[in-house]
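Next comes my_file.txt, with compact mmCIF, C-alpha atoms.
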# COMPACT_ATOMS: atom_id res chain seq x y z
CA MET Q 1 24.49 -4.72 1.41
CA LYS Q 2 27.75 -2.88 1.63
CA LYS Q 3 28.55 -3.20 -2.06
CA ASP Q 4 25.24 -1.73 -3.08
CA ASN Q 5 26.74 1.05 -5.11
CA ARG Q 6 28.68 -1.17 -7.42
CA PHE Q 7 27.50 -1.01 -10.95
CA LEU Q 8 25.67 -4.03 -12.31
CA SER Q 9 27.04 -5.10 -15.68
CA PRO Q 10 26.78 -8.02 -18.13
CA ASP Q 11 30.41 -9.11 -17.73
CA MET Q 12 30.13 -9.42 -14.00
CA LYS Q 13 30.12 -12.90 -12.52
CA MET Q 14 26.55 -13.94 -11.80
CA SER Q 15 27.57 -14.89 -8.27
CA ASP Q 16 28.95 -11.36 -7.72
CA LEU Q 17 25.71 -9.88 -8.92
CA VAL Q 18 23.74 -11.82 -6.34
CA GLU Q 19 26.35 -10.88 -3.75
CA ILE Q 20 25.63 -7.20 -4.50
CA ASN Q 21 21.90 -7.60 -4.08
CA TYR Q 22 20.51 -10.90 -2.85
CA ARG Q 23 16.99 -9.66 -3.52
CA LEU Q 24 17.73 -10.40 -7.18
CA ILE Q 25 17.43 -14.14 -6.46
CA PRO Q 26 13.73 -14.27 -7.41
CA VAL Q 27 14.47 -12.24 -10.55
CA LEU Q 28 16.91 -14.93 -11.69
CA SER Q 29 14.49 -17.74 -11.04
CA ARG Q 30 11.67 -15.98 -12.92
CA LEU Q 31 13.91 -15.80 -15.97
CA GLY Q 32 14.98 -19.43 -15.64
CA LEU Q 33 18.58 -18.51 -14.78
CA ASN Q 34 19.39 -21.42 -12.52
CA ILE Q 35 21.51 -21.31 -9.42
CA GLY Q 36 24.79 -23.24 -9.71
CA PHE Q 37 26.40 -20.44 -11.70
CA GLY Q 38 30.03 -21.65 -11.56
CA GLU Q 39 32.38 -18.86 -12.59
CA LYS Q 40 30.22 -17.77 -15.52
CA THR Q 41 29.35 -14.15 -16.15
CA ALA Q 42 25.80 -12.84 -16.33
CA ALA Q 43 26.20 -12.52 -20.11
CA GLN Q 44 27.30 -16.16 -20.52
CA ILE Q 45 24.50 -17.55 -18.41
CA CYS Q 46 21.92 -15.41 -20.19
CA ARG Q 47 23.21 -16.53 -23.59
CA ASP Q 48 23.07 -20.20 -22.53
CA THR Q 49 19.50 -19.74 -21.29
CA GLY Q 50 18.24 -17.67 -24.23
CA VAL Q 51 17.59 -14.54 -22.19
CA ASP Q 52 18.67 -11.15 -23.51
CA VAL Q 53 21.39 -9.97 -21.16
CA ASN Q 54 20.60 -6.27 -21.65
CA ALA Q 55 17.01 -6.86 -20.62
CA PHE Q 56 18.23 -8.88 -17.65
CA ILE Q 57 20.63 -6.17 -16.46
CA LEU Q 58 17.99 -3.51 -16.97
CA ILE Q 59 15.52 -5.45 -14.81
CA CYS Q 60 18.24 -5.97 -12.18
CA LYS Q 61 18.89 -2.23 -12.08
CA MET Q 62 15.21 -1.41 -11.76
CA TYR Q 63 15.17 -3.88 -8.93
CA SER Q 64 18.31 -2.71 -7.16
CA TYR Q 65 18.47 1.06 -7.47
CA GLN Q 66 15.75 3.07 -5.79
CA GLY Q 67 14.30 5.59 -8.22
CA TYR Q 68 16.33 4.29 -11.17
CA LEU Q 69 15.10 5.51 -14.53
CA PRO Q 70 16.26 3.56 -17.58
CA THR Q 71 18.25 5.55 -20.11
CA GLU Q 72 17.15 5.75 -23.74
CA ASP Q 73 20.11 3.58 -24.68
CA ALA Q 74 19.18 0.93 -22.16
CA LEU Q 75 15.61 0.83 -23.49
CA GLU Q 76 16.88 0.70 -27.05
CA SER Q 77 19.25 -2.21 -26.49
CA ALA Q 78 17.07 -4.41 -24.28
CA ASP Q 79 14.87 -7.08 -25.81
CA ALA Q 80 11.19 -6.44 -25.07
CA LEU Q 81 10.26 -10.12 -25.30
CA SER Q 82 12.60 -10.95 -22.42
CA VAL Q 83 11.03 -8.19 -20.35
CA LEU Q 84 7.61 -9.56 -21.23
CA LYS Q 85 8.68 -13.07 -20.25
CA TYR Q 86 9.93 -11.75 -16.95
CA LEU Q 87 6.67 -9.93 -16.20
CA HIS Q 88 4.58 -12.92 -17.19
CA ASN Q 89 6.58 -15.29 -14.99
CA SER Q 90 6.40 -12.81 -12.12
CA HIS Q 91 2.63 -12.95 -12.29
CA SER Q 92 2.67 -16.70 -11.83
CA PHE Q 93 5.21 -16.31 -9.06
CA TYR Q 94 3.06 -13.85 -7.13
CA LEU Q 95 -0.05 -15.98 -7.35
CA ASP Q 96 1.55 -19.42 -6.90
CA ASP Q 97 4.33 -18.62 -4.43
CA GLY Q 98 4.09 -15.14 -2.93
CA PHE Q 99 0.39 -15.23 -2.21
CA ARG Q 100 0.14 -18.86 -1.29
CA ASN Q 101 2.92 -18.40 1.23
CA LEU Q 102 1.19 -15.35 2.66
CA GLU Q 103 -2.17 -17.10 2.84
CA GLN Q 104 -0.74 -20.11 4.63
CA LEU Q 105 1.09 -17.92 7.12
CA MET Q 106 -1.97 -15.77 7.66
CA ASP Q 107 -4.16 -18.84 8.25
CA ARG Q 108 -1.81 -19.96 11.00
CA LEU Q 109 -1.43 -16.46 12.39
CA VAL Q 110 -5.13 -15.85 12.94
CA ALA Q 111 -5.89 -19.40 14.09
CA PRO Q 112 -6.11 -18.39 17.80
CA CYS Q 113 -8.42 -15.40 17.04
CA ASN Q 114 -12.16 -15.49 17.50
CA ARG Q 115 -14.36 -16.47 14.59
CA GLN Q 116 -15.26 -12.92 13.64
CA GLN Q 117 -11.69 -11.60 13.68
CA LYS Q 118 -10.50 -14.59 11.70
CA LYS Q 119 -13.20 -14.10 9.11
CA VAL Q 120 -12.67 -10.39 8.59
CA ILE Q 121 -8.90 -10.72 8.16
CA LEU Q 122 -9.03 -13.74 5.87
CA ASP Q 123 -11.86 -12.21 3.82
CA PHE Q 124 -9.77 -9.09 3.36
CA LEU Q 125 -6.83 -11.14 2.12
CA GLY Q 126 -9.13 -13.16 -0.14
CA GLY Q 127 -10.62 -9.96 -1.57
CA TYR Q 128 -7.16 -8.65 -2.23
CA ARG Q 129 -6.09 -11.82 -3.99
CA LYS Q 130 -9.15 -11.55 -6.25
CA GLU Q 131 -8.24 -7.95 -7.06
CA VAL Q 132 -4.67 -8.90 -7.95
CA GLU Q 133 -5.87 -11.82 -10.06
CA ASN Q 134 -8.13 -9.50 -12.05
CA HIS Q 135 -5.34 -7.01 -12.49
CA PHE Q 136 -2.94 -9.66 -13.78
CA GLU Q 137 -5.61 -11.25 -15.94
CA TYR Q 138 -6.18 -7.97 -17.73
CA GLU Q 139 -2.48 -7.61 -18.40
CA GLU Q 140 -2.15 -11.21 -19.55
CA ASN Q 141 -5.23 -11.10 -21.78
CA VAL Q 142 -5.15 -7.57 -23.14
CA PHE Q 143 -1.91 -5.69 -22.68
CA PHE Q 144 0.69 -8.42 -23.14
CA PRO Q 145 -0.90 -9.80 -26.34
CA TYR Q 146 -1.02 -6.23 -27.61
CA VAL Q 147 2.69 -5.82 -26.88
CA GLU Q 148 3.42 -9.07 -28.70
CA SER Q 149 1.50 -7.92 -31.75
CA VAL Q 150 3.35 -4.60 -31.76
CA LEU Q 151 6.65 -6.50 -31.53
CA GLU Q 152 5.64 -8.59 -34.51
CA GLY Q 153 4.88 -5.37 -36.36
CA LYS Q 154 1.20 -6.18 -36.79
CA ALA Q 155 -1.64 -3.67 -36.98
CA THR Q 156 -2.89 -2.80 -33.55
CA GLY Q 157 -6.28 -1.10 -33.66
CA ASP Q 158 -7.34 1.46 -31.08
CA TYR Q 159 -5.45 0.15 -28.09
CA SER Q 160 -2.14 1.69 -27.08
CA ALA Q 161 0.45 1.59 -24.33
CA ALA Q 162 -0.75 5.02 -23.29
CA ALA Q 163 -4.24 3.64 -22.72
CA PHE Q 164 -2.74 0.88 -20.61
CA GLU Q 165 -0.72 3.29 -18.50
CA GLU Q 166 -3.78 5.46 -17.99
CA ASN Q 167 -5.76 2.59 -16.50
CA HIS Q 168 -2.92 0.91 -14.67
CA SER Q 169 -4.37 0.71 -11.18
CA ASN Q 170 -2.46 0.59 -7.96
CA ILE Q 171 -2.47 -2.93 -6.56
CA GLU Q 172 -0.33 -2.20 -3.54
CA GLU Q 173 -2.90 -0.19 -1.62
CA LYS Q 174 -4.59 -3.09 0.11
CA LEU Q 175 -1.28 -4.78 0.78
CA ASN Q 176 -0.19 -1.63 2.55
CA ASP Q 177 -3.42 -1.62 4.53
CA LEU Q 178 -2.75 -5.19 5.54
CA LYS Q 179 0.75 -4.30 6.70
CA ASN Q 180 -0.69 -1.62 8.95
CA ILE Q 181 -3.47 -3.86 10.21
CA VAL Q 182 -0.97 -6.53 11.24
CA MET Q 183 1.60 -4.09 12.58
CA LYS Q 184 -0.80 -1.98 14.61
CA TYR Q 185 -3.99 -3.84 15.31
CA LEU Q 186 -3.13 -7.53 15.43
CA PRO Q 187 -5.26 -9.28 18.08
CA PRO Q 188 -3.05 -10.07 21.11
CA ALA Q 189 -3.86 -13.79 20.91
CA CYS Q 190 -1.66 -14.17 17.81
CA SER Q 191 1.83 -15.62 17.91
CA GLN Q 192 4.60 -13.04 17.74
CA ARG Q 193 6.84 -15.41 15.85
CA LEU Q 194 4.24 -15.90 13.12
CA ALA Q 195 3.48 -12.18 13.11
CA ASN Q 196 7.16 -11.58 12.30
CA GLU Q 197 7.00 -13.99 9.43
CA VAL Q 198 3.78 -12.50 8.08
CA LEU Q 199 5.14 -8.97 8.28
CA TYR Q 200 8.33 -9.99 6.56
CA ALA Q 201 6.32 -11.68 3.80
CA LEU Q 202 4.08 -8.61 3.45
CA PHE Q 203 6.98 -6.19 3.19
CA SER Q 204 8.87 -8.26 0.68
CA LEU Q 205 5.79 -8.91 -1.45
CA SER Q 206 4.89 -5.24 -1.46
CA GLU Q 207 8.44 -4.23 -2.36
CA ASP Q 208 8.48 -6.81 -5.12
CA LEU Q 209 5.13 -5.63 -6.52
CA GLU Q 210 6.35 -2.06 -6.50
CA LYS Q 211 9.38 -3.00 -8.60
CA HIS Q 212 7.13 -5.01 -10.86
CA THR Q 213 4.85 -2.04 -11.48
CA ASN Q 214 7.87 0.15 -12.14
CA ILE Q 215 9.19 -2.30 -14.72
CA GLU Q 216 5.81 -2.23 -16.46
CA ASN Q 217 5.45 1.56 -16.41
CA LEU Q 218 9.04 2.68 -16.86
CA VAL Q 219 10.45 -0.10 -19.05
CA LEU Q 220 7.77 -1.95 -20.97
CA VAL Q 221 5.48 1.01 -21.69
CA PRO Q 222 8.27 3.28 -23.02
CA MET Q 223 9.59 0.36 -25.12
CA VAL Q 224 6.18 -0.11 -26.69
CA ASN Q 225 5.72 3.66 -27.10
CA ARG Q 226 8.92 3.73 -29.07
CA LEU Q 227 7.77 0.91 -31.35
CA GLU Q 228 4.36 2.54 -31.83
CA LYS Q 229 6.04 5.78 -32.85
CA GLY Q 230 8.44 3.93 -35.16
CA LYS Q 231 5.50 2.37 -36.90
CA GLU Q 232 3.70 5.67 -37.44
CA GLY Q 233 6.95 6.93 -38.89
CA ASN Q 234 7.00 4.07 -41.40
CA ILE Q 235 3.48 4.73 -42.58
CA ARG Q 236 4.11 8.39 -43.27
CA MET G 1 13.49 30.03 -7.65
CA PRO G 2 16.76 31.93 -7.89
CA SER G 3 18.34 30.32 -10.97
CA ARG G 4 16.99 31.88 -14.15
CA VAL G 5 18.35 28.96 -16.15
CA MET G 6 16.40 26.44 -14.08
CA ALA G 7 13.26 28.55 -14.21
CA ARG G 8 13.52 28.89 -17.98
CA GLY G 9 14.16 25.16 -18.23
CA ILE G 10 10.94 24.39 -16.39
CA GLU G 11 9.05 26.88 -18.55
CA GLY G 12 10.45 25.14 -21.60
CA VAL G 13 9.40 21.70 -20.39
CA PHE G 14 5.89 22.96 -19.55
CA HIS G 15 5.63 24.68 -22.88
CA ASP G 16 6.64 21.54 -24.79
CA LEU G 17 4.45 19.13 -22.91
CA GLY G 18 1.38 21.23 -22.10
CA GLU G 19 -0.55 20.16 -18.98
CA PHE G 20 1.24 22.58 -16.62
CA GLN G 21 2.12 26.21 -16.91
CA VAL G 22 4.23 28.63 -14.93
CA GLU G 23 2.00 31.00 -12.95
CA GLY G 24 4.79 33.12 -11.64
CA ILE G 25 8.41 33.11 -10.69
CA VAL G 26 9.36 34.13 -7.18
CA PRO G 27 12.99 35.15 -7.39
CA ASP G 28 13.67 35.47 -3.69
CA LEU G 29 11.92 35.40 -0.34
CA SER G 30 11.74 39.08 0.56
CA PRO G 31 8.49 40.32 2.19
CA ARG G 32 7.23 41.50 -1.18
CA GLU G 33 7.74 38.08 -2.68
CA GLU G 34 6.14 36.39 0.27
CA THR G 35 2.99 38.30 -0.53
CA MET G 36 3.34 37.23 -4.11
CA LEU G 37 3.57 33.62 -2.99
CA LYS G 38 0.45 34.05 -0.89
CA ASN G 39 -1.54 35.35 -3.84
CA LEU G 40 -0.32 32.84 -6.38
CA SER G 41 -3.09 30.39 -7.29
CA ALA G 42 -0.73 27.58 -8.19
CA ASP G 43 -1.23 23.82 -7.79
CA ALA G 44 2.44 23.35 -7.08
CA ILE G 45 5.36 25.45 -5.96
CA ILE G 46 8.72 24.40 -7.32
CA VAL G 47 11.50 25.48 -5.04
CA ASP G 48 15.25 25.24 -5.19
CA PRO G 49 16.23 24.22 -1.66
CA ALA G 50 19.50 26.10 -2.20
CA VAL G 51 17.63 29.29 -1.28
CA PHE G 52 17.51 28.07 2.30
CA ALA G 53 20.57 28.19 4.46
CA HIS G 54 21.84 24.76 5.36
CA SER G 55 20.65 25.05 8.94
CA SER G 56 17.08 25.83 7.91
CA GLN G 57 17.08 23.20 5.16
CA SER G 58 14.85 20.78 7.06
CA ASN G 59 12.21 23.43 7.78
CA ALA G 60 12.02 24.66 4.22
CA ARG G 61 8.69 23.07 3.54
CA GLN G 62 7.12 24.39 6.70
CA TYR G 63 8.31 27.83 5.74
CA ILE G 64 6.64 27.75 2.35
CA SER G 65 3.46 25.99 3.50
CA ALA G 66 2.81 28.98 5.71
CA TYR G 67 1.91 30.87 2.56
CA THR G 68 0.22 28.32 0.38
CA ASP G 69 -1.72 25.06 0.25
CA ALA G 70 -0.10 24.04 -3.01
CA ALA G 71 1.99 20.90 -3.37
CA ILE G 72 5.63 21.74 -2.77
CA VAL G 73 8.20 20.21 -5.06
CA ALA G 74 11.97 20.54 -4.78
CA PHE G 75 14.09 21.16 -7.86
CA SER G 76 17.52 21.09 -6.48
CA SER G 77 20.68 22.68 -7.76
CA ILE G 78 22.46 21.30 -4.72
CA ILE G 79 22.64 17.78 -3.38
CA LEU G 80 19.75 17.28 -1.05
CA GLY G 81 20.09 15.09 2.04
CA ASP G 82 17.48 12.35 2.57
CA GLU G 83 16.06 14.15 5.55
CA ALA G 84 15.64 17.39 3.63
CA ALA G 85 14.27 15.62 0.55
CA ARG G 86 11.58 13.76 2.48
CA GLN G 87 9.62 16.88 3.33
CA TYR G 88 8.76 17.65 -0.29
CA ASP G 89 5.88 16.21 -2.28
CA ALA G 90 8.36 15.39 -5.03
CA VAL G 91 12.00 16.03 -5.83
CA LEU G 92 13.00 16.93 -9.38
CA ASN G 93 16.56 16.36 -10.51
CA LEU G 94 18.57 18.30 -13.04
CA TYR G 95 18.86 15.20 -15.23
CA ASP G 96 15.20 14.18 -15.17
CA SER G 97 13.63 13.84 -18.59
CA PRO G 98 10.79 16.28 -19.36
CA ALA G 99 8.27 13.43 -19.25
CA ASP G 100 9.54 12.40 -15.87
CA ILE G 101 9.25 15.93 -14.52
CA ILE G 102 5.63 16.08 -15.61
CA HIS G 103 5.04 12.63 -14.14
CA LYS G 104 6.42 13.66 -10.76
CA LEU G 105 4.50 16.92 -10.73
CA ARG G 106 1.30 15.16 -11.65
CA SER G 107 1.50 12.80 -8.72
CA ALA G 108 2.63 15.57 -6.35
CA VAL G 109 -0.38 17.66 -7.30
CA SER G 110 -2.87 14.81 -7.14
CA SER G 111 -1.87 13.72 -3.64
CA PRO G 112 -0.49 16.59 -1.59
CA ARG G 113 0.87 15.15 1.60
CA GLU G 114 -0.66 15.94 4.94
CA HIS G 115 1.76 17.95 6.93
CA GLU G 116 -0.19 19.04 9.91
CA PRO G 117 1.72 18.54 13.12
CA SER G 118 1.01 15.02 14.26
CA GLY G 119 0.57 15.47 17.97
CA LYS G 120 -2.29 13.20 18.83
CA GLU G 121 -2.33 10.00 16.82
CA GLU G 122 -5.31 8.25 18.36
CA LEU G 123 -8.56 8.64 16.45
CA SER G 124 -10.89 11.28 17.89
CA ALA G 125 -14.45 10.38 18.84
CA ARG G 126 -15.77 12.08 15.70
CA GLU G 127 -13.26 10.26 13.53
CA LYS G 128 -14.38 6.95 15.05
CA ASP G 129 -18.03 7.81 14.29
CA ILE G 130 -17.13 8.52 10.70
CA LEU G 131 -14.97 5.45 10.37
CA ILE G 132 -17.89 3.32 11.55
CA CYS G 133 -20.06 4.79 8.79
CA VAL G 134 -17.38 4.18 6.19
CA ALA G 135 -17.01 0.59 7.35
CA LYS G 136 -20.76 0.12 7.08
CA GLY G 137 -20.55 1.22 3.47
CA LEU G 138 -22.01 4.74 3.65
CA ILE G 139 -20.80 7.22 1.04
CA ASN G 140 -19.49 10.69 1.89
CA LYS G 141 -22.76 12.42 1.06
CA GLU G 142 -24.73 10.14 3.37
CA ILE G 143 -22.22 10.65 6.17
CA ALA G 144 -22.34 14.43 5.71
CA ASP G 145 -26.14 14.42 5.95
CA LEU G 146 -26.13 12.12 8.96
CA PHE G 147 -23.84 14.37 11.02
CA ASN G 148 -25.04 17.58 9.44
CA ILE G 149 -21.56 18.55 8.25
CA SER G 150 -20.19 19.41 4.81
CA ILE G 151 -18.79 16.79 2.46
CA HIS G 152 -15.53 18.67 2.64
CA THR G 153 -15.40 18.09 6.40
CA VAL G 154 -16.14 14.39 5.90
CA ILE G 155 -13.25 14.19 3.45
CA THR G 156 -10.92 15.94 5.89
CA HIS G 157 -11.90 13.48 8.62
CA ARG G 158 -11.35 10.56 6.28
CA ARG G 159 -7.97 11.88 5.28
CA ASN G 160 -6.98 12.16 8.92
CA ILE G 161 -8.25 8.65 9.65
CA THR G 162 -6.08 7.31 6.84
CA ARG G 163 -3.09 9.34 7.97
CA LYS G 164 -3.36 8.03 11.52
CA THR G 165 -4.15 4.40 10.79
CA GLY G 166 -2.15 4.03 7.57
CA ILE G 167 -5.22 2.34 6.06
CA LYS G 168 -6.55 3.66 2.75
CA THR G 169 -9.17 1.29 1.41
CA VAL G 170 -12.73 0.90 2.65
CA ALA G 171 -12.19 -2.84 3.02
CA GLY G 172 -9.13 -2.16 5.17
CA LEU G 173 -11.01 0.34 7.33
CA THR G 174 -13.73 -2.25 7.85
CA VAL G 175 -11.14 -4.68 9.16
CA TYR G 176 -9.86 -1.96 11.48
CA ALA G 177 -13.34 -1.21 12.78
CA LEU G 178 -14.03 -4.87 13.48
CA LEU G 179 -10.69 -5.61 15.14
CA ASN G 180 -11.13 -2.58 17.37
CA ASN G 181 -14.69 -3.54 18.24
CA LEU G 182 -16.16 -0.38 16.74
CA ILE G 183 -18.68 -2.49 14.84
CA ASP G 184 -19.71 -6.14 14.84
CA ALA G 185 -19.76 -8.40 11.83
CA SER G 186 -23.54 -8.36 11.49
CA SER G 187 -23.51 -4.66 10.53
CA VAL G 188 -21.30 -5.18 7.47
CA GLU G 189 -22.80 -8.35 6.04
Represent the structure contained in this file as structure tokens.
Amino acid sequence: MKKDNRFLSPDMKMSDLVEINYRLIPVLSRLGLNIGFGEKTAAQICRDTGVDVNAFILICKMYSYQGYLPTEDALESADALSVLKYLHNSHSFYLDDGFRNLEQLMDRLVAPCNRQQKKVILDFLGGYRKEVENHFEYEENVFFPYVESVLEGKATGDYSAAAFEENHSNIEEKLNDLKNIVMKYLPPACSQRLANEVLYALFSLSEDLEKHTNIENLVLVPMVNRLEKGKEGNIR
Amino acid sequence: MPSRVMARGIEGVFHDLGEFQVEGIVPDLSPREETMLKNLSADAIIVDPAVFAHSSQSNARQYISAYTDAAIVAFSSIILGDEAARQYDAVLNLYDSPADIIHKLRSAVSSPREHEPSGKEELSAREKDILICVAKGLINKEIADLFNISIHTVITHRRNITRKTGIKTVAGLTVYALLNNLIDASSVE
């Protein structure tokens, strides 16, 4: 990625944006920005699709720049509903695509292992999936509806974005464990070619989840904080 | 920390946001200040890597850890190379927001990195014994009683096991133990 340092902006051609960082491809698909861009800019395609371009660019930056922290202006101008849509669609992506792909690969990878090895590895992956499902379920059923109600300006009760952040658990731990298990302790009977594929899938899923968590903690939570504060201001 | 402006800035941020406070400011690294560093009961030391000459940049952490167990965080007035930055528990930047500074400090303090020289990376016999217990679902207290060691020692062993294997969770350690034939499946059912 030689052009990595180029600045991502709304009036850039969408094809150039992907050229700068091809890892943004899943981001586009989660927002329904379909490939076949023509010569259109990111802003045009977002407008045609009903996605807020500022939110889109903000997500792309979070995704592309290591350690990027959104500016106040960026948080102010981006539409929270688009961020929410992105996060929601990512959840489905992880469970339906990311995980399924990993599970299928893993099944094939451990096929030549003995029964006990097979069981312990697949059980671990199954346990991890369950953990991730619970984590997402909580966000989908508690936090996201709360964000929506704040966006609509409704009363919100005791819950707050701060409470969410406090309890936001780390879902990458087991994925990291799995990376190490495969990298270091894979039974010799397994195919090297499949091991490559599994490792690649593990690394990209874990990178993706890390960005996802960052978007929740560093974009969505501050956006909601701001709205919560605004509301208190109105009451006073 | 040699820059008064940076030191005052950190004091200001701590003052505004609570949670942390400045225990002391070590203006230089003369013998007198080294003693000061030794006696400081701080959770974190914030250091400007500029105080180290370029050639000793990459050993800066080692130098400070000789005096303290605290987390060591860089707050750099100069541009820090990747190599030099990696040794710190966190790196603060001049343009970080106050909230972000607190955030970084909080995670640096809660998980100080292990920086013991990593000569031997294979698990020791004792570490294997303890890993087997962890995989079987024993808690630290039970393990301590079993081997007649302190809980603190159990925790140190566990930390080393995780550092060497890269595996953090109990479920992951169980997989490790099974794949390496340290236990058989019947003992974890």
List as CSV every residue of chain G that is in contact with chain Q, defined as an atom at most 8 Å from one of its atoms (using all atoms listed in the file), together with the nearest atom pair and the distance in Å rounded to one decimal, sorted by chain and then rising number.
residue,atom,partner,partner_atom,distance
G:Thr165,CA,Q:Asn180,CA,7.2
G:Gly166,CA,Q:Asn180,CA,6.0
G:Ile167,CA,Q:Asp177,CA,4.6
G:Lys168,CA,Q:Asp177,CA,6.4
G:Thr169,CA,Q:Lys174,CA,6.5
G:Ala171,CA,Q:Phe124,CA,6.7
G:Gly172,CA,Q:Asp177,CA,5.8
G:Val175,CA,Q:Val120,CA,5.9
G:Tyr176,CA,Q:Ile181,CA,6.8
G:Leu178,CA,Q:Gln117,CA,7.1
G:Leu179,CA,Q:Gln117,CA,6.2
G:Asn180,CA,Q:Tyr185,CA,7.5
G:Ala185,CA,Q:Gln116,CA,6.6
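One finds atom CA of G:Val47 at 25.7 Å from atom CA of Q:Pro70.
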Original post:
With all atoms listed in the file as the atoms that count, which of Q:Asn167, Q:Leu24, Q:Val150, Q:Ala201 lies nearest to Q:Gln104?
Top reply: Q:Ala201
Original post:
Closest to Q:Tyr65 among Q:Ser204, Q:Asn21, Q:Ser15, Q:Asn134, using all atoms listed in the file?
Top reply: Q:Asn21
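The space between atom CA of G:His15 and atom CA of G:Ser107 spans 18.9 Å.
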**OP:** One decimal, Å: what's the distance from atom CA of Q:Phe144 over to atom CA of Q:Leu95, could you say?
**Re:** 17.5 Å
Closest pair table for stretch 86-152 of chain G residues within 9 Å of stretch 17-25 of chain G, all atoms listed in the file, as CSV:
residue,atom,partner,partner_atom,distance
G:Pro98,CA,G:Leu17,CA,7.8
G:Ala99,CA,G:Leu17,CA,7.8
G:Ile102,CA,G:Phe20,CA,7.9
G:Leu105,CA,G:Phe20,CA,8.8
G:Arg106,CA,G:Phe20,CA,8.9
Subject >> Residues within 12 Å of (0.6, 7.7, -21.1), counting all atoms listed in the file, listed as a list in words >> reply: Tyr159, Ser160, Ala161, Ala162, Ala163, Phe164, Glu165, Glu166, Asn167, His168, Asn217, Leu218, Val221, Pro222, Val224 and Asn225 of chain Q; Ala99, Asp100, Ile102 and His103 of chain G
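Take the candidates G:Val91, G:Leu173, G:Ala84, G:Ile45 and check each one against G:Ser65 using all atoms listed in the file; the shortest distance goes to G:Ile45.
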Original post:
Hey, which of G:His152, G:Arg8, G:Arg61, G:Arg158 ends up closest to G:Ile132? Count all atoms listed in the file.
Top reply: G:Arg158
Original post:
Neighbours of G:Thr156 within 12 Å (only C-alpha atoms; same-chain residues fewer than 4 positions away dropped), as a PyMOL selection string?
Top reply: chain G and resi 114+116+126-127+130+140+144+149-152+160-163
Subject >> Surrounding residues of Q:Tyr86 excluding itself and chain neighbours under 3 positions, 12 Å, only C-alpha atoms, as a PyMOL selection string >> reply: chain Q and resi 26-33+51-52+55-56+58-60+79-83+89-93+144+212+215-216+219-220
Write the residues of the selection above to a file with C-alpha atoms, as a tab-separated table (two decimals), keeping the file's coordinate frame.
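Below is the file that was written, result14.tsv:
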chain	number	residue	atom	x	y	z
Q	26	PRO	CA	13.73	-14.27	-7.41
Q	27	VAL	CA	14.47	-12.24	-10.55
Q	28	LEU	CA	16.91	-14.93	-11.69
Q	29	SER	CA	14.49	-17.74	-11.04
Q	30	ARG	CA	11.67	-15.98	-12.92
Q	31	LEU	CA	13.91	-15.80	-15.97
Q	32	GLY	CA	14.98	-19.43	-15.64
Q	33	LEU	CA	18.58	-18.51	-14.78
Q	51	VAL	CA	17.59	-14.54	-22.19
Q	52	ASP	CA	18.67	-11.15	-23.51
Q	55	ALA	CA	17.01	-6.86	-20.62
Q	56	PHE	CA	18.23	-8.88	-17.65
Q	58	LEU	CA	17.99	-3.51	-16.97
Q	59	ILE	CA	15.52	-5.45	-14.81
Q	60	CYS	CA	18.24	-5.97	-12.18
Q	79	ASP	CA	14.87	-7.08	-25.81
Q	80	ALA	CA	11.19	-6.44	-25.07
Q	81	LEU	CA	10.26	-10.12	-25.30
Q	82	SER	CA	12.60	-10.95	-22.42
Q	83	VAL	CA	11.03	-8.19	-20.35
Q	89	ASN	CA	6.58	-15.29	-14.99
Q	90	SER	CA	6.40	-12.81	-12.12
Q	91	HIS	CA	2.63	-12.95	-12.29
Q	92	SER	CA	2.67	-16.70	-11.83
Q	93	PHE	CA	5.21	-16.31	-9.06
Q	144	PHE	CA	0.69	-8.42	-23.14
Q	212	HIS	CA	7.13	-5.01	-10.86
Q	215	ILE	CA	9.19	-2.30	-14.72
Q	216	GLU	CA	5.81	-2.23	-16.46
Q	219	VAL	CA	10.45	-0.10	-19.05
Q	220	LEU	CA	7.77	-1.95	-20.97
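Among Q:Glu19, Q:Gly36, Q:Asn54, Q:Lys61, the residue with the shortest atom-to-atom distance to Q:Phe7, counting only C-alpha atoms, is Q:Lys61.
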Original post:
Once you count all atoms listed in the file, which residues end up no further than 7 Å from (12.3, 19.4, -20.8) in the file's frame, shown as a ChimeraX atom specification?
Top reply: /G:9-10,12-13,97-98
Pull C-alpha atoms from the residues just selected and write them as a PDB file, in the frame of the given file.
ATOM      1  CA  GLY G   9      14.160  25.160 -18.230  1.00  0.00           C
ATOM      2  CA  ILE G  10      10.940  24.390 -16.390  1.00  0.00           C
ATOM      3  CA  GLY G  12      10.450  25.140 -21.600  1.00  0.00           C
ATOM      4  CA  VAL G  13       9.400  21.700 -20.390  1.00  0.00           C
ATOM      5  CA  SER G  97      13.630  13.840 -18.590  1.00  0.00           C
ATOM      6  CA  PRO G  98      10.790  16.280 -19.360  1.00  0.00           C
TER       7      PRO G  98
END
